[in-house]
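Structure, as structure tokens:
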Amino acid sequence: MKVENLRELLVGELRDLYSAETQLTKALPKVAKHASESGLKQAIEHHLKETENHVKRLDQVFERLHQIPKGKTCEGMKGLIAEADERLKDGGDHATLDAGIIADAQRVEHYEISAYGSARTFANLLGEHDAVRLLEETLKEEKAADMKLNQLAENINIAAKAA
Ligand SMILES: [Fe+2]
């Protein structure tokens, strides 16, 4: 998409995020099913609920900007999900697979944190304060999810090492 100004760039980025979050709502149930450690399973299920809410928040952002969310596929998220899917399909030792699931989930979180950070900055420069507030709420949850994964990895990685 040819972009002529910051507003068009923001809308494009938001459409990409909308696609990313929608893809995630479909992918996460399978990841939760394959996670063995109960804390990890719970964290993924919790983040699925948050992700459904992230889609709703993006809907609100599009409303504020008088735009529609459709029209883009996030190829980055598609690739991340495809790789995670392959890992689940390959299977293996439970703790090791859990450690791999965390690695994949953190890739996803970092991708989203970066995308929301840019979108928030663009929205701020454009004076779209409602959009900024909504994007920051989600950004905070993505960062918290990433921190939670760091915590879970501490024990899970050690369990994987023992396998
Ligand atoms: Fe999200």
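Labeling convention for the structure tokens: chains A, B, ... as they appear, residues from 1 per chain, ligands from 1 in order of appearance.
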
Taking only residues of chain A that have an atom at most 6 Å from an atom of ligand 1, what is each one's shortest atom pair and its distance in Å to one decimal, using only C-alpha atoms and all ligand atoms, in chain and number order, as a Markdown table?
| residue | atom | partner | partner_atom_place_in_ligand_line | distance |
| --- | --- | --- | --- | --- |
| A:Glu21 | CA | ligand 1 | 1 (Fe) | 5.6 |
| A:Thr51 | CA | ligand 1 | 1 (Fe) | 4.5 |
| A:His54 | CA | ligand 1 | 1 (Fe) | 5.2 |
| A:Glu142 | CA | ligand 1 | 1 (Fe) | 6.0 |

DSSP-assigned alpha helix (DSSP H) among chain A, expressed as a ChimeraX atom specification: /A:6-34,38-65,75-90,94-125,129-161

Generate a file of the selected residues that holds C-alpha atoms, formatted as a CSV table (one decimal), in the first residue's frame.
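To be explicit, this is the file written out as result_36.csv:
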chain,number,residue,atom,x,y,z
A,6,LEU,CA,1.3,9.5,8.8
A,7,ARG,CA,-2.5,8.9,9.1
A,8,GLU,CA,-2.5,6.4,6.2
A,9,LEU,CA,0.6,4.7,7.7
A,10,LEU,CA,-1.2,4.5,11.1
A,11,VAL,CA,-4.3,3.0,9.5
A,12,GLY,CA,-2.2,0.4,7.6
A,13,GLU,CA,-0.4,-0.6,10.7
A,14,LEU,CA,-3.6,-0.9,12.6
A,15,ARG,CA,-5.1,-3.1,9.9
A,16,ASP,CA,-2.0,-5.3,10.1
A,17,LEU,CA,-2.4,-5.5,13.9
A,18,TYR,CA,-6.1,-6.4,13.5
A,19,SER,CA,-5.1,-9.3,11.3
A,20,ALA,CA,-2.4,-10.4,13.7
A,21,GLU,CA,-4.7,-10.4,16.7
A,22,THR,CA,-7.5,-12.2,14.8
A,23,GLN,CA,-5.0,-14.9,13.7
A,24,LEU,CA,-3.9,-15.3,17.3
A,25,THR,CA,-7.4,-15.8,18.6
A,26,LYS,CA,-7.6,-18.8,16.3
A,27,ALA,CA,-4.1,-20.1,17.0
A,28,LEU,CA,-3.9,-19.8,20.8
A,29,PRO,CA,-6.4,-22.5,21.8
A,30,LYS,CA,-4.3,-25.1,20.1
A,31,VAL,CA,-1.1,-23.9,21.8
A,32,ALA,CA,-2.9,-24.0,25.2
A,33,LYS,CA,-3.9,-27.6,24.5
A,34,HIS,CA,-0.4,-28.7,23.8
A,38,SER,CA,-0.4,-26.0,34.3
A,39,GLY,CA,0.9,-22.4,34.9
A,40,LEU,CA,1.9,-22.1,31.2
A,41,LYS,CA,-1.4,-23.5,30.0
A,42,GLN,CA,-3.3,-21.1,32.3
A,43,ALA,CA,-1.2,-18.1,31.1
A,44,ILE,CA,-2.0,-18.9,27.5
A,45,GLU,CA,-5.7,-19.3,28.2
A,46,HIS,CA,-5.6,-16.0,30.0
A,47,HIS,CA,-3.8,-14.3,27.1
A,48,LEU,CA,-6.4,-15.7,24.7
A,49,LYS,CA,-9.1,-13.9,26.6
A,50,GLU,CA,-7.0,-10.7,26.5
A,51,THR,CA,-6.4,-11.2,22.8
A,52,GLU,CA,-10.1,-11.3,22.1
A,53,ASN,CA,-10.3,-8.1,24.0
A,54,HIS,CA,-7.5,-6.6,21.9
A,55,VAL,CA,-9.5,-7.2,18.8
A,56,LYS,CA,-12.4,-5.4,20.4
A,57,ARG,CA,-10.2,-2.5,21.4
A,58,LEU,CA,-8.9,-2.2,17.8
A,59,ASP,CA,-12.5,-2.1,16.7
A,60,GLN,CA,-12.9,0.9,18.9
A,61,VAL,CA,-9.8,2.5,17.6
A,62,PHE,CA,-11.0,2.1,14.0
A,63,GLU,CA,-14.4,3.7,15.0
A,64,ARG,CA,-12.6,6.7,16.5
A,65,LEU,CA,-10.6,7.1,13.3
A,75,GLU,CA,2.2,-12.0,7.0
A,76,GLY,CA,4.6,-11.6,9.9
A,77,MET,CA,2.1,-13.2,12.4
A,78,LYS,CA,1.2,-15.8,9.8
A,79,GLY,CA,4.9,-16.9,9.7
A,80,LEU,CA,5.3,-16.9,13.5
A,81,ILE,CA,2.1,-19.0,13.8
A,82,ALA,CA,3.2,-21.4,11.1
A,83,GLU,CA,6.5,-22.0,12.9
A,84,ALA,CA,4.8,-22.5,16.2
A,85,ASP,CA,2.4,-24.9,14.6
A,86,GLU,CA,5.2,-26.9,13.2
A,87,ARG,CA,6.7,-27.2,16.6
A,88,LEU,CA,3.4,-28.5,18.1
A,89,LYS,CA,3.1,-31.0,15.3
A,90,ASP,CA,6.6,-32.3,15.8
A,94,HIS,CA,6.9,-32.2,27.5
A,95,ALA,CA,9.1,-29.8,29.4
A,96,THR,CA,11.2,-29.2,26.3
A,97,LEU,CA,8.1,-28.6,24.2
A,98,ASP,CA,6.9,-26.1,26.9
A,99,ALA,CA,10.2,-24.3,26.7
A,100,GLY,CA,9.8,-24.1,22.9
A,101,ILE,CA,6.2,-22.8,23.3
A,102,ILE,CA,7.5,-20.0,25.5
A,103,ALA,CA,10.1,-19.1,23.0
A,104,ASP,CA,7.5,-18.9,20.2
A,105,ALA,CA,5.0,-17.0,22.4
A,106,GLN,CA,7.7,-14.4,23.3
A,107,ARG,CA,8.5,-13.9,19.6
A,108,VAL,CA,4.8,-13.1,19.1
A,109,GLU,CA,4.6,-10.8,22.1
A,110,HIS,CA,7.7,-8.9,21.0
A,111,TYR,CA,6.3,-8.5,17.5
A,112,GLU,CA,3.1,-7.1,19.0
A,113,ILE,CA,4.8,-4.9,21.5
A,114,SER,CA,6.8,-3.3,18.7
A,115,ALA,CA,3.8,-2.8,16.4
A,116,TYR,CA,1.6,-1.3,19.2
A,117,GLY,CA,4.5,0.9,20.3
A,118,SER,CA,4.8,2.4,16.7
A,119,ALA,CA,1.0,2.7,16.3
A,120,ARG,CA,0.7,4.5,19.7
A,121,THR,CA,3.5,6.9,18.7
A,122,PHE,CA,1.9,7.7,15.4
A,123,ALA,CA,-1.5,8.2,17.0
A,124,ASN,CA,0.0,10.5,19.6
A,125,LEU,CA,1.6,12.7,16.9
A,129,HIS,CA,-5.9,10.7,22.2
A,130,ASP,CA,-8.6,8.1,22.4
A,131,ALA,CA,-6.7,5.8,20.1
A,132,VAL,CA,-3.5,6.4,22.2
A,133,ARG,CA,-5.3,5.4,25.4
A,134,LEU,CA,-6.7,2.2,23.8
A,135,LEU,CA,-3.5,1.2,22.2
A,136,GLU,CA,-1.6,1.8,25.5
A,137,GLU,CA,-4.0,-0.4,27.4
A,138,THR,CA,-3.3,-3.3,25.1
A,139,LEU,CA,0.5,-2.5,25.0
A,140,LYS,CA,0.5,-2.8,28.8
A,141,GLU,CA,-1.1,-6.2,28.6
A,142,GLU,CA,1.3,-7.5,25.9
A,143,LYS,CA,4.2,-6.4,28.1
A,144,ALA,CA,2.7,-8.1,31.1
A,145,ALA,CA,2.2,-11.3,29.1
A,146,ASP,CA,5.9,-11.2,28.1
A,147,MET,CA,7.0,-10.7,31.7
A,148,LYS,CA,4.8,-13.6,32.8
A,149,LEU,CA,6.4,-15.8,30.1
A,150,ASN,CA,9.9,-14.8,31.5
A,151,GLN,CA,8.8,-15.9,35.0
A,152,LEU,CA,7.4,-19.2,33.7
A,153,ALA,CA,10.5,-19.9,31.7
A,154,GLU,CA,12.7,-19.9,34.8
A,155,ASN,CA,11.4,-23.3,36.0
A,156,ILE,CA,10.4,-24.7,32.7
A,157,ASN,CA,13.8,-24.2,31.1
A,158,ILE,CA,15.4,-26.0,34.0
A,159,ALA,CA,12.9,-28.8,33.6
A,160,ALA,CA,13.8,-29.0,29.9
A,161,LYS,CA,17.5,-29.2,30.7
